[in-house]
Each structure stands twice: as C-alpha cells, then as structure tokens.
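Chemist: Provided below: structure-v1.cif, containing mmCIF, C-alpha atoms.
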```cif
data_input
#
loop_
_atom_site.label_atom_id
_atom_site.label_comp_id
_atom_site.auth_asym_id
_atom_site.auth_seq_id
_atom_site.Cartn_x
_atom_site.Cartn_y
_atom_site.Cartn_z
CA MET D 1 11.76 3.96 -10.68
CA LYS D 2 13.66 3.93 -7.40
CA ILE D 3 12.91 0.79 -5.40
CA THR D 4 12.62 1.34 -1.64
CA PHE D 5 10.95 -0.56 1.16
CA LYS D 6 7.92 1.65 0.61
CA ASN D 7 7.22 0.29 -2.84
CA LEU D 8 9.12 -2.99 -2.80
CA MET D 9 5.87 -4.90 -2.30
CA VAL D 10 4.84 -3.73 -5.76
CA VAL D 11 7.94 -5.58 -6.94
CA LEU D 12 7.33 -8.39 -4.44
CA LEU D 13 7.16 -11.84 -5.98
CA LEU D 14 7.51 -10.54 -9.55
CA SER D 15 10.08 -13.09 -10.70
CA ILE D 16 8.97 -16.12 -8.73
CA GLY D 17 6.96 -17.48 -11.62
CA ARG D 18 10.01 -17.32 -13.85
CA ASN D 19 12.18 -18.85 -11.14
CA LEU D 20 9.73 -21.62 -10.35
CA ALA D 21 9.53 -22.51 -14.01
CA ALA D 22 13.26 -23.22 -13.95
CA GLN D 23 13.58 -24.97 -10.60
CA ALA D 24 11.69 -27.26 -8.24
CA LYS D 25 9.21 -25.80 -5.79
CA PRO D 26 10.45 -25.50 -2.22
CA GLY D 27 9.16 -27.99 0.32
CA GLY D 28 5.73 -27.59 1.82
CA ALA D 29 2.11 -28.43 1.26
CA GLU D 30 0.02 -27.11 -1.60
CA PRO D 31 -1.80 -23.90 -0.64
CA VAL D 32 -5.54 -24.33 -0.22
CA PRO D 33 -7.47 -21.46 -1.82
CA GLN D 34 -10.72 -20.43 -0.15
CA PRO D 35 -13.36 -17.92 -1.25
CA ALA D 36 -11.67 -14.67 -0.34
CA ILE D 37 -14.40 -12.55 1.23
CA PRO D 38 -15.73 -15.21 3.65
CA ALA D 39 -12.14 -16.08 4.60
CA ILE D 40 -11.23 -12.46 5.35
CA LEU D 41 -14.39 -11.89 7.36
CA ALA D 42 -13.68 -15.08 9.32
CA ALA D 43 -10.21 -13.75 10.17
CA PHE D 44 -11.84 -10.99 12.23
CA ASP D 45 -13.17 -13.67 14.58
CA LYS D 46 -9.57 -14.39 15.64
CA TYR D 47 -7.72 -11.13 14.97
CA GLU D 48 -8.47 -7.52 15.82
CA VAL D 49 -6.80 -6.26 12.63
CA VAL D 50 -6.63 -7.48 9.04
CA GLY D 51 -4.07 -5.68 6.87
CA MET D 52 -3.80 -5.62 3.10
CA SER D 53 -2.45 -3.41 0.33
CA GLU D 54 -4.39 -0.75 -1.62
CA ALA D 55 -4.03 2.14 -4.09
CA HIS D 56 -0.67 0.94 -5.36
CA ARG D 57 -1.77 1.09 -9.03
CA MET D 58 -3.53 -2.30 -8.78
CA LYS D 59 -7.14 -1.88 -9.90
CA ASP D 60 -8.10 -5.50 -9.27
CA GLU D 61 -7.05 -5.22 -5.65
CA ASP D 62 -8.82 -1.90 -5.20
CA ASP D 63 -12.02 -3.21 -6.78
CA PHE D 64 -11.87 -6.20 -4.46
CA ILE D 65 -11.63 -3.93 -1.41
CA LEU D 66 -14.68 -1.96 -2.52
CA MET D 67 -16.55 -5.25 -2.92
CA LEU D 68 -15.39 -6.40 0.51
CA ILE D 69 -16.60 -3.32 2.38
CA ARG D 70 -19.93 -3.41 0.50
CA THR D 71 -20.57 -6.92 1.81
CA PRO D 72 -23.31 -6.61 4.49
CA ALA D 73 -21.40 -8.83 6.92
CA PHE D 74 -18.39 -6.49 6.83
CA SER D 75 -19.98 -3.85 9.07
CA GLN D 76 -21.03 -6.61 11.47
CA LYS D 77 -17.39 -7.60 11.94
CA VAL D 78 -15.45 -4.34 11.54
CA ASN D 79 -15.47 -0.99 13.33
CA ASP D 80 -12.73 0.97 11.60
CA ILE D 81 -10.90 1.24 8.29
CA VAL D 82 -7.41 2.72 8.66
CA VAL D 83 -5.89 4.07 5.46
CA GLU D 84 -2.48 5.08 4.15
CA CYS D 85 -4.00 7.70 1.86
CA GLY D 86 -5.37 9.86 4.62
CA ASN D 87 -3.77 12.97 6.12
CA SER D 88 -4.40 12.81 9.88
CA LEU D 89 -4.40 16.61 10.00
CA TYR D 90 -7.92 16.43 8.57
CA GLN D 91 -9.30 13.68 10.85
CA PRO D 92 -12.02 15.95 12.34
CA ILE D 93 -13.27 16.83 8.83
CA LEU D 94 -13.12 13.17 7.83
CA ASP D 95 -15.10 12.07 10.89
CA ARG D 96 -17.85 14.57 10.14
CA TYR D 97 -18.03 13.57 6.47
CA ILE D 98 -18.06 9.81 7.08
CA ALA D 99 -20.72 10.30 9.76
CA GLY D 100 -22.97 11.88 7.12
CA GLU D 101 -22.71 15.55 8.05
CA ASN D 102 -22.89 18.23 5.39
CA VAL D 103 -19.22 18.81 4.58
CA PRO D 104 -18.09 20.46 1.31
CA PHE D 105 -16.44 17.81 -0.84
CA ALA D 106 -13.62 20.21 -1.66
CA ASP D 107 -12.69 20.09 2.04
CA VAL D 108 -12.94 16.30 2.18
CA GLU D 109 -10.66 15.84 -0.85
CA LYS D 110 -7.82 17.33 1.15
CA VAL D 111 -7.79 14.13 3.23
CA TRP D 112 -6.24 12.07 0.41
CA ARG D 113 -4.95 14.76 -1.93
CA ASN D 114 -2.71 16.36 0.70
CA THR D 115 -0.76 13.40 2.06
CA THR D 116 2.98 12.77 1.96
CA GLN D 117 2.47 10.22 -0.84
CA PRO D 118 1.99 11.27 -4.49
CA MET D 119 0.18 8.02 -5.31
CA CYS D 120 -2.70 9.23 -3.15
CA ASP D 121 -3.30 12.59 -4.75
CA ALA D 122 -4.66 11.31 -8.05
CA SER D 123 -6.08 8.02 -6.77
CA GLU D 124 -9.23 6.81 -8.47
CA PHE D 125 -9.69 4.30 -5.66
CA PHE D 126 -9.85 6.83 -2.84
CA GLN D 127 -12.03 9.15 -4.87
CA ASP D 128 -14.57 6.30 -4.75
CA PHE D 129 -13.69 4.84 -1.35
CA TYR D 130 -14.55 7.74 0.96
CA PRO D 131 -17.99 8.51 -0.56
CA LEU D 132 -18.79 4.77 -0.54
CA VAL D 133 -18.10 4.40 3.18
CA ARG D 134 -20.22 7.49 3.84
CA ALA D 135 -23.07 5.98 1.79
CA ILE D 136 -22.78 2.62 3.58
CA ASN D 137 -23.03 4.36 6.94
CA GLN D 138 -26.34 5.95 5.96
CA LYS D 139 -27.83 2.47 5.74
CA LEU D 140 -26.47 1.27 9.09
CA PRO D 141 -27.71 1.80 12.64
CA GLN D 142 -25.62 4.30 14.60
CA GLU D 143 -23.80 1.66 16.65
CA LYS D 144 -22.67 -0.22 13.53
CA ARG D 145 -21.37 2.71 11.51
CA LEU D 146 -17.81 2.53 10.23
CA ARG D 147 -15.11 5.00 11.10
CA VAL D 148 -12.28 5.82 8.68
CA LEU D 149 -8.96 6.69 10.31
CA ALA D 150 -6.24 8.62 8.47
CA GLY D 151 -2.85 7.01 9.07
CA ASP D 152 -0.48 9.38 7.26
CA PRO D 153 1.29 11.98 9.43
CA PRO D 154 -0.25 15.45 9.60
CA ILE D 155 1.22 17.72 6.96
CA ASP D 156 0.04 21.19 5.98
CA TRP D 157 1.19 21.69 2.40
CA ASN D 158 0.51 25.40 2.71
CA GLN D 159 3.43 25.51 5.13
CA VAL D 160 5.81 23.41 3.00
CA LYS D 161 8.10 25.91 1.31
CA SER D 162 11.30 23.82 1.11
CA VAL D 163 12.46 20.23 1.49
CA LYS D 164 13.31 21.05 5.12
CA ASP D 165 9.57 21.32 5.80
CA PHE D 166 8.92 17.78 4.53
CA ASP D 167 10.11 15.72 7.51
CA THR D 168 6.86 13.73 7.63
CA SER D 169 7.79 11.93 4.41
CA ASP D 170 10.41 9.93 6.31
CA THR D 171 9.45 6.25 6.32
CA TYR D 172 10.33 5.95 10.02
CA VAL D 173 8.08 8.90 10.91
CA ARG D 174 5.24 7.51 8.82
CA ASN D 175 5.39 4.05 10.43
CA GLN D 176 5.46 5.58 13.89
CA SER D 177 2.43 7.69 13.01
CA ILE D 178 0.50 4.68 11.71
CA ALA D 179 1.35 2.64 14.82
CA LYS D 180 0.21 5.44 17.13
CA VAL D 181 -3.13 5.71 15.35
CA MET D 182 -3.60 1.95 15.58
CA GLU D 183 -2.76 1.76 19.28
CA ARG D 184 -4.71 4.86 20.32
CA GLU D 185 -7.85 4.45 18.21
CA VAL D 186 -8.16 0.72 17.59
CA LEU D 187 -6.16 -1.68 19.73
CA SER D 188 -6.44 0.08 23.11
CA LYS D 189 -10.21 0.28 22.56
CA HIS D 190 -10.51 -3.37 21.46
CA ARG D 191 -12.05 -2.38 18.16
CA ARG D 192 -11.60 -4.27 14.90
CA ALA D 193 -10.03 -2.64 11.88
CA LEU D 194 -9.17 -3.21 8.24
CA MET D 195 -5.74 -1.68 7.54
CA LEU D 196 -5.16 -0.50 3.95
CA PHE D 197 -1.45 0.16 3.51
CA GLY D 198 1.46 -0.86 1.35
CA THR D 199 2.45 -4.34 2.49
CA PHE D 200 5.85 -3.31 3.82
CA HIS D 201 4.05 -1.28 6.47
CA LEU D 202 2.24 -4.46 7.50
CA MET D 203 4.70 -7.34 7.55
CA HIS D 204 5.39 -9.17 10.81
CA GLU D 205 8.85 -9.38 12.38
CA ASN D 206 9.99 -5.98 11.17
CA PRO D 207 10.53 -3.81 14.26
CA THR D 208 10.54 -0.57 12.28
CA ASN D 209 7.36 -0.90 10.23
CA ALA D 210 3.92 0.04 11.56
CA VAL D 211 2.71 -3.44 12.49
CA GLY D 212 6.13 -4.36 13.88
CA VAL D 213 6.05 -1.29 16.12
CA TYR D 214 2.66 -1.93 17.68
CA GLU D 215 3.04 -5.72 17.83
CA LYS D 216 5.52 -5.14 20.67
CA ASN D 217 2.51 -4.16 22.79
CA TYR D 218 -0.20 -6.04 20.89
CA PRO D 219 1.26 -9.34 19.66
CA ASN D 220 -0.81 -11.79 17.61
CA SER D 221 -3.40 -9.10 16.90
CA THR D 222 -2.95 -8.74 13.14
CA PHE D 223 -3.64 -10.94 10.11
CA VAL D 224 -1.51 -9.77 7.17
CA ILE D 225 -2.50 -10.49 3.57
CA GLY D 226 0.07 -10.36 0.77
CA GLY D 227 -0.42 -10.45 -2.98
CA LEU D 228 0.50 -12.99 -5.62
CA GLU D 229 1.60 -10.47 -8.24
CA GLY D 230 4.01 -12.13 -10.66
CA LEU D 231 3.77 -15.63 -9.26
CA GLU D 232 2.67 -17.02 -12.57
CA ASN D 233 5.22 -17.04 -15.34
CA VAL D 234 4.45 -13.63 -16.82
CA ASP D 235 6.73 -14.35 -19.78
CA SER D 236 4.65 -17.35 -20.82
CA PRO D 237 1.96 -16.87 -23.48
CA PHE D 238 -0.10 -19.62 -21.86
CA LEU D 239 -2.14 -18.71 -18.80
CA SER D 240 -2.70 -22.41 -18.19
CA SER D 241 0.97 -22.73 -17.20
CA SER D 242 0.33 -20.76 -14.02
CA PRO D 243 0.38 -22.80 -10.79
CA PHE D 244 -2.81 -20.92 -9.87
CA SER D 245 -4.78 -21.47 -13.05
CA ASN D 246 -7.43 -23.55 -11.25
CA TRP D 247 -7.79 -21.29 -8.23
CA LEU D 248 -11.04 -19.50 -7.48
CA ILE D 249 -11.17 -15.80 -8.30
CA PRO D 250 -10.96 -14.16 -5.82
CA SER D 251 -9.43 -16.55 -3.31
CA LEU D 252 -7.33 -16.47 -0.17
CA ALA D 253 -4.74 -19.08 0.80
CA LEU D 254 -2.91 -19.34 4.12
CA SER D 255 0.86 -19.19 3.85
CA LYS D 256 2.03 -21.25 6.83
CA GLY D 257 3.32 -24.72 6.02
CA THR D 258 2.95 -24.29 2.24
CA TRP D 259 5.56 -24.12 -0.50
CA LEU D 260 4.49 -20.53 -1.07
CA GLY D 261 5.13 -19.71 2.56
CA ALA D 262 8.56 -21.37 2.40
CA LEU D 263 9.81 -18.92 -0.25
CA PRO D 264 12.29 -16.46 1.26
CA LEU D 265 12.01 -12.74 0.65
CA SER D 266 15.56 -12.79 -0.70
CA HIS D 267 14.32 -15.14 -3.44
CA PHE D 268 12.31 -12.32 -4.96
CA GLU D 269 13.62 -10.10 -7.71
CA GLY D 270 13.80 -6.40 -7.08
CA PRO D 271 16.39 -5.43 -4.46
CA ALA D 272 16.02 -2.31 -2.41
CA ILE D 273 18.52 0.55 -2.57
CA LYS D 274 20.43 1.87 0.41
CA THR D 275 22.93 4.72 0.76
CA ASP D 276 25.90 4.85 3.13
CA LYS D 277 27.21 7.82 5.11
CA ASN D 278 28.99 9.08 1.99
CA CYS D 279 25.80 8.87 -0.11
CA VAL D 280 27.10 5.92 -2.12
CA ALA D 281 24.10 3.84 -3.22
CA THR D 282 24.10 0.05 -3.45
CA TYR D 283 21.55 -2.73 -3.89
CA PHE D 284 20.58 -5.03 -1.05
CA TYR D 285 18.02 -7.74 -0.44
CA PRO D 286 15.95 -7.83 2.74
CA GLU D 287 16.65 -10.57 5.23
CA GLY D 288 15.79 -13.95 3.76
CA LYS D 289 13.03 -15.01 6.12
CA PRO D 290 10.35 -17.31 4.75
CA ILE D 291 7.34 -15.32 3.62
CA GLU D 292 5.16 -17.22 6.08
CA LYS D 293 6.97 -15.34 8.86
CA LEU D 294 5.98 -12.02 7.30
CA VAL D 295 2.47 -12.51 5.87
CA ASP D 296 -0.29 -14.86 6.94
CA ALA D 297 -2.12 -15.35 3.67
CA PHE D 298 -2.08 -14.58 -0.05
CA LEU D 299 -4.87 -12.94 -2.04
CA TYR D 300 -5.34 -14.19 -5.62
CA LEU D 301 -7.34 -11.99 -7.98
CA GLY D 302 -6.74 -13.71 -11.29
CA PRO D 303 -3.82 -14.00 -13.73
CA PRO D 304 -1.23 -11.39 -12.71
CA SER D 305 -0.17 -10.97 -16.33
CA LEU D 306 -3.67 -9.60 -16.99
CA ALA D 307 -3.78 -7.39 -13.90
CA LEU D 308 -5.44 -4.03 -14.55
CA ARG D 309 -3.85 -0.69 -13.78
CA GLU D 310 -5.76 1.85 -11.73
CA GLN D 311 -6.34 4.74 -14.13
CA THR D 312 -6.11 8.40 -13.21
CA PRO D 313 -9.58 9.89 -13.66
CA ALA D 314 -9.69 12.47 -16.46
CA GLU D 315 -11.21 15.10 -14.19
CA ILE D 316 -8.16 14.85 -11.93
CA ALA D 317 -5.58 14.94 -14.72
CA SER D 318 -7.34 17.93 -16.28
CA ASP D 319 -7.78 19.87 -13.01
CA PRO D 320 -5.44 22.88 -13.45
CA ASP D 321 -5.37 23.80 -9.76
CA LEU D 322 -4.54 20.27 -8.65
CA THR D 323 -1.92 19.67 -11.31
CA ALA D 324 -0.29 23.03 -10.56
CA GLU D 325 -0.05 22.14 -6.87
CA LEU D 326 1.29 18.66 -7.59
CA ASN D 327 3.88 20.16 -9.92
CA ARG D 328 4.88 22.58 -7.16
CA ARG D 329 5.40 19.69 -4.77
CA ALA D 330 7.31 17.67 -7.35
CA THR D 331 9.61 20.58 -8.17
CA LEU D 332 10.11 21.29 -4.48
CA ILE D 333 10.62 17.75 -3.19
CA GLY D 334 11.91 15.86 -6.24
CA GLY D 335 12.44 12.11 -5.92
CA TYR D 336 9.37 9.98 -6.51
CA TRP D 337 7.17 13.09 -6.68
CA ILE D 338 8.57 13.80 -10.15
CA ASP D 339 6.31 11.08 -11.56
CA VAL D 340 3.23 13.30 -11.16
CA ILE D 341 4.55 16.24 -13.23
CA ASP D 342 3.30 14.96 -16.58
CA MET D 343 0.10 13.41 -15.23
CA GLY D 344 -2.04 14.27 -18.25
CA ARG D 345 0.22 12.58 -20.76
CA SER D 346 0.68 9.59 -18.45
CA SER D 347 -3.10 9.21 -18.20
CA VAL D 348 -3.42 9.05 -21.99
CA ARG D 349 -0.62 6.51 -22.25
CA HIS D 350 -2.07 4.36 -19.48
CA ALA D 351 -5.56 4.50 -21.02
CA ASP D 352 -4.12 3.04 -24.20
CA ASN D 353 -2.71 0.11 -22.19
CA PRO D 354 -4.96 -0.90 -19.29
CA LEU D 355 -2.60 -3.60 -17.99
CA LEU D 356 -0.42 -3.02 -14.98
CA ASP D 357 3.25 -2.55 -15.78
CA TYR D 358 5.30 -4.77 -13.54
CA ALA D 359 7.98 -2.87 -11.71
CA LYS D 360 11.42 -3.34 -13.19
CA PRO D 361 14.55 -4.07 -11.14
CA PRO D 362 16.46 -0.91 -10.25
CA SER D 363 19.03 0.34 -12.73
CA ALA D 364 22.24 2.34 -12.60
CA ALA D 365 20.10 5.44 -13.10
CA ASP D 366 18.12 4.54 -9.97
CA LEU D 367 21.35 4.32 -7.99
CA LYS D 368 22.36 7.77 -9.22
CA SER D 369 18.92 9.11 -8.31
CA ALA D 370 19.21 7.66 -4.79
CA GLU D 371 22.63 9.26 -4.39
CA ALA D 372 21.29 12.62 -5.59
CA ASP D 373 18.38 12.41 -3.12
CA CYS D 374 20.84 11.58 -0.34
CA ARG D 375 23.02 14.58 -1.13
CA GLN D 376 19.96 16.81 -1.34
CA ALA D 377 18.83 15.57 2.08
CA ARG D 378 22.26 16.28 3.54
CA GLN D 379 22.22 19.80 2.14
CA ALA D 380 18.79 20.28 3.74
CA GLY D 381 20.22 19.26 7.10
CA LYS D 382 18.96 15.69 7.17
CA SER D 383 20.68 12.36 7.38
CA PRO D 384 20.27 9.99 4.36
CA ASP D 385 17.36 8.27 6.11
CA GLY D 386 15.47 11.56 6.35
CA LYS D 387 15.98 12.27 10.07
CA ALA D 388 17.08 15.74 11.10
CA GLN D 389 20.78 16.02 11.92
#
```
Would you mind writing the structure in this file as structure tokens?

Modeler:
Amino acid sequence: MKITFKNLMVVLLLSIGRNLAAQAKPGGAEPVPQPAIPAILAAFDKYEVVGMSEAHRMKDEDDFILMLIRTPAFSQKVNDIVVECGNSLYQPILDRYIAGENVPFADVEKVWRNTTQPMCDASEFFQDFYPLVRAINQKLPQEKRLRVLAGDPPIDWNQVKSVKDFDTSDTYVRNQSIAKVMEREVLSKHRRALMLFGTFHLMHENPTNAVGVYEKNYPNSTFVIGGLEGLENVDSPFLSSSPFSNWLIPSLALSKGTWLGALPLSHFEGPAIKTDKNCVATYFYPEGKPIEKLVDAFLYLGPPSLALREQTPAEIASDPDLTAELNRRATLIGGYWIDVIDMGRSSVRHADNPLLDYAKPPSAADLKSAEADCRQARQAGKSPDGKAQ
C-alpha cells in the first residue's frame, strides 16, 4: 500500500499506543470524554462546519455517522452534508433524488460509483447513506430538509480513455474543488454543514488542503474531528491496558491543552512518500506540529484493536458490469486503483476476518511503486504531483 497524504490519516496514530507504552506521556491535561453525538451537535452552535472522516474502510465510524444523521436534532442544526464520495458532475441528479423526486437508482449510483476515488465505488456506507438522507427528508418539513453536496471534481468516465484524461485525480485539484463547493454552497450562504472527507482534507494550518484553502477567507469556521485509531497498544492482548478503556462509547474529547493534543504529527508511524524531479522516491514525515493545531477533537468508538472493517456488499462484488468497469479503470490508471481488480476474492477474504487491518508502514516496494507512478505521469505529460506540464 502506497502511503500518501490522501490516506495517511488511516495510518494516523497507529503506533502511538506502542510508543506510549514505552515512554512517558507528553505534558498536558487528561482528555475529558463527552457523549459524542450531543458534543458534535453542540459544536454547530459555534461553528458553521464540522468535519470528520468517512468511508475509509472503518465500519464503526461509518455506522456512527449514520446514527448521527438519524438523530432528530441533527436536521435542526445542519443544512448540508458535503461528501468526498460524490462526483459533482451529477449534482443536479443528486439534488433531485435527495429531494424525493422519482429518479432511477441506476442514475443515482453514478454519484458515488464514478468518482476519482476507488474506495467510493464499492462503498457499503454510501450505498446506505444516500437513500437514508432521502428517507429522512421525507419526514421533515421543506425548510428543514437536508442537502447533500458532492465534493469530488466532475469526471466523466466515459471520456477517460488514457491517464492523460485523469487530471481530476490530482490531490491539489481535488482540494481546490472541495474548497470551492464549501465556499459557494455553504459558507457564503451562512449555512451549516457536516463535511465527510479523509482527515487530511480537513486539518487546520495546511494551506493546500480543502479546509486550509477556504479558511483563508473563512477562518475559525470549522471544527475538525480526528480519530483515535491505534492509540491503544494494539499489540497487547489486554484491552484493559488501553488509556481509553474507561471512556464512553462513543465519546468525543477536545484536543487543546491535553496530552493527546500535545502529540506531534511527526510522532506518528507511517511516513508519507514523495518523489523528486528525477522520480526518486523517499520517505518523509509531515511537519511536527502538535495535533491540537490540526484537529479540534478526537472521536472514540471503542477498542481500535477490535475495529470492524467495512465490507464490500456481495451484490457489488458480483456485479459483472461494475467490476468490468472498475477493472478498466484500474488497468488504465494503475496506482491505488489496482486494489479493486480482484474485488470478489478480497470480499471473501475480508468476510472471513471482520477486523480492520491496520495500515502498515511503507516498504521498499511502495517506493518502487511511487517511482513507477511518477515516471508514468511524466510520460503522460504531467509533473510528479499530477499537474500538467
């Protein structure tokens, strides 16, 4: 698995439990866990946006989000839900569907099955999420109905015939697209939104990610929630050894002023990979800012060593048209799309083991893969970061 800023939050905090077992905690107060749903809803009284991760293989997190949006008070606080797994090309279709109009489901599926991100195409979470929001809206008065906004750049896969046609996969382009949607549809209209994106799109003090881009014009507007994946000692056979063993499930704890918040990002295992102008790949750690500068709170959903994997629904894995199209994209694009080629066999293997596999640190093979992707991008007329040359 190649580790990039896109998926580094999956790796985020994975070794802290092991590290904390061997060394003293950093300075700071003990975090104070609060019941998660009331705490998140209360955050909307102060912030226009609450951001958290979704659909990154973590079933517990996805189930929590479904529970959150089903809470009656949610629609009293929130106007919009902005999602990573949503192709903005299909926003008109999505608006009609979420509003309750008669839209063929085969057309609606394109919203999340035709994004730039392979994790979205076979997502069990989004297969449930969109119909749930539509059903919730049917029980709400018109003025309280939720809108779902697609944050991924518009891409028409029917027009993607080569890697040159895949410019929208660039992380820079994607963050700019997300920021534009947020500014145009949410922040400029003083609406309140739940953002569901990988956490590295959300962190403060990063001028190139989505929140960092729009915070230049809308500072102090966003409350960012990170996860606690791996913060217990996952190598220990005793769950009671976790520093969170007595926390409520689910709970939310503010980061500022706590020993958790004092942990630097460079403390975490799982470096990113970067390539130079000659396509030589090396490891690097992000800047070592305390986590409290990047996220405002942590969501705890139970022992991370027992975290459940989001399964691929059998009807998706056995859909010949979908799998053929995903295989076409994987063969065409390569890189992290390759993971979807053997989706059926992966689904069987994952069903046998329901627990989430923690991401492993990158290996020499990952470096070689990054270098190959870089060379492929150069041959396609792009720079290593994906921008056209």

Chemist: In terms of the shortest atom-to-atom distance over all atoms listed in the file, which of D:Glu315, D:Glu61, D:Glu101, D:Glu371 is closest to Ala135 in chain D?

Modeler: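 Closest to Ala135 in chain D of all the choices is D:Glu101.
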
Chemist: Between D:Ser53, D:Ser305, D:Gln376, D:Thr331, which has the minimum distance to Ser242 in chain D (counting all atoms listed in the file)?

Modeler: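 Looking at the shortest contact to Ser242 in chain D, the residue is D:Ser305.
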
Chemist: Residues picked by the PyMOL selection byres ((chain D and resi 90) around 10) here, as a list in words?

Modeler: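 The output of the PyMOL selection byres ((chain D and resi 90) around 10) on this file is Gly86, Asn87, Ser88, Leu89, Gln91, Pro92, Ile93, Leu94, Asp95, Asp107, Val108, Glu109, Lys110, Val111, Trp112, Asn114, Leu149, Ala150, Pro154, Ile155 and Asp156 of chain D.
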
Chemist: Taking the point (-1.4, 5.3, 11.7) as given in the file, collect each protein or nucleic acid residue that comes within 12 Å of it, counting all atoms listed in the file, and present the set as an NGL selection string.

Modeler: :D and (81-89 or 91 or 148-154 or 172-187 or 193 or 195-197 or 201-202 or 209-211 or 213-214)

Chemist: Deliver the residues from the most recent selection as a file, using C-alpha atoms, as an mmCIF file, in the frame of the given file.

Modeler:
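Result file is selection27.cif:
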```
data_model
loop_
_atom_site.group_PDB
_atom_site.id
_atom_site.type_symbol
_atom_site.label_atom_id
_atom_site.label_comp_id
_atom_site.auth_asym_id
_atom_site.auth_seq_id
_atom_site.Cartn_x
_atom_site.Cartn_y
_atom_site.Cartn_z
ATOM 1 C CA ILE D 81 -10.900 1.240 8.290
ATOM 2 C CA VAL D 82 -7.410 2.720 8.660
ATOM 3 C CA VAL D 83 -5.890 4.070 5.460
ATOM 4 C CA GLU D 84 -2.480 5.080 4.150
ATOM 5 C CA CYS D 85 -4.000 7.700 1.860
ATOM 6 C CA GLY D 86 -5.370 9.860 4.620
ATOM 7 C CA ASN D 87 -3.770 12.970 6.120
ATOM 8 C CA SER D 88 -4.400 12.810 9.880
ATOM 9 C CA LEU D 89 -4.400 16.610 10.000
ATOM 10 C CA GLN D 91 -9.300 13.680 10.850
ATOM 11 C CA VAL D 148 -12.280 5.820 8.680
ATOM 12 C CA LEU D 149 -8.960 6.690 10.310
ATOM 13 C CA ALA D 150 -6.240 8.620 8.470
ATOM 14 C CA GLY D 151 -2.850 7.010 9.070
ATOM 15 C CA ASP D 152 -0.480 9.380 7.260
ATOM 16 C CA PRO D 153 1.290 11.980 9.430
ATOM 17 C CA PRO D 154 -0.250 15.450 9.600
ATOM 18 C CA TYR D 172 10.330 5.950 10.020
ATOM 19 C CA VAL D 173 8.080 8.900 10.910
ATOM 20 C CA ARG D 174 5.240 7.510 8.820
ATOM 21 C CA ASN D 175 5.390 4.050 10.430
ATOM 22 C CA GLN D 176 5.460 5.580 13.890
ATOM 23 C CA SER D 177 2.430 7.690 13.010
ATOM 24 C CA ILE D 178 0.500 4.680 11.710
ATOM 25 C CA ALA D 179 1.350 2.640 14.820
ATOM 26 C CA LYS D 180 0.210 5.440 17.130
ATOM 27 C CA VAL D 181 -3.130 5.710 15.350
ATOM 28 C CA MET D 182 -3.600 1.950 15.580
ATOM 29 C CA GLU D 183 -2.760 1.760 19.280
ATOM 30 C CA ARG D 184 -4.710 4.860 20.320
ATOM 31 C CA GLU D 185 -7.850 4.450 18.210
ATOM 32 C CA VAL D 186 -8.160 0.720 17.590
ATOM 33 C CA LEU D 187 -6.160 -1.680 19.730
ATOM 34 C CA ALA D 193 -10.030 -2.640 11.880
ATOM 35 C CA MET D 195 -5.740 -1.680 7.540
ATOM 36 C CA LEU D 196 -5.160 -0.500 3.950
ATOM 37 C CA PHE D 197 -1.450 0.160 3.510
ATOM 38 C CA HIS D 201 4.050 -1.280 6.470
ATOM 39 C CA LEU D 202 2.240 -4.460 7.500
ATOM 40 C CA ASN D 209 7.360 -0.900 10.230
ATOM 41 C CA ALA D 210 3.920 0.040 11.560
ATOM 42 C CA VAL D 211 2.710 -3.440 12.490
ATOM 43 C CA VAL D 213 6.050 -1.290 16.120
ATOM 44 C CA TYR D 214 2.660 -1.930 17.680
#
```

Chemist: Would you compute the distance between CA of Lys293 in chain D and CA of Val78 in chain D? Give it in Å to one decimal.

Modeler: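 Between CA of Lys293 in chain D and CA of Val78 in chain D the gap is 25.1 Å.
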
Chemist: For Ala99 in chain D, list every protein, DNA or RNA residue within 12 Å, evaluated using all atoms listed in the file, and leave out those in the same chain fewer than 6 positions away; present the list as a PyMOL selection string.

Modeler: chain D and resi 91-93+130-148

Chemist: Looking at only C-alpha atoms, which of D:Phe74, D:Phe244, D:Phe298, D:Phe126 is the one that sits closest to Lys256 in chain D?

Modeler: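 Ranked by minimum distance to Lys256 in chain D, first place goes to D:Phe298.
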
Chemist: How many Å lie between CA of Gly212 in chain D and CA of Lys274 in chain D, rounded to one decimal?

Modeler: 20.6 Å

Chemist: So which residues get picked by the PyMOL selection byres ((chain D and resi 49-52) around 8) here, written as a ChimeraX atom specification?

Modeler: /D:40,43-44,47-48,53-54,192-199,202,221-226

Chemist: Restricting the calculation to only C-alpha atoms, which member of D:Leu332, D:Lys164, D:Ala39, D:Val295 is positioned closest to Ala73 in chain D?

Modeler: D:Ala39

Chemist: Just say which residues the PyMOL selection byres ((chain D and resi 157) around 9) picks in this file, as a compact mmCIF listing (two decimals) with C-alpha atoms, in the frame of the given file.

Modeler:
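This is the output file expr-v3.txt:
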```
# COMPACT_ATOMS: atom_id res chain seq x y z
CA ASN D 114 -2.71 16.36 0.70
CA THR D 115 -0.76 13.40 2.06
CA ILE D 155 1.22 17.72 6.96
CA ASP D 156 0.04 21.19 5.98
CA ASN D 158 0.51 25.40 2.71
CA GLN D 159 3.43 25.51 5.13
CA VAL D 160 5.81 23.41 3.00
CA LYS D 161 8.10 25.91 1.31
CA PHE D 166 8.92 17.78 4.53
CA ARG D 329 5.40 19.69 -4.77
```

Chemist: Hey, which of D:Thr258, D:Asn102, D:Gln117, D:Thr275 ends up closest to Ile333 in chain D? Count all atoms listed in the file.

Modeler: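 Answer, going by the shortest atom-to-atom distance: D:Gln117.
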
Chemist: Record the distance separating CA of His56 in chain D and CA of Met119 in chain D, expressed in Å with one decimal.

Modeler: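 Interatomic distance here is 7.1 Å.
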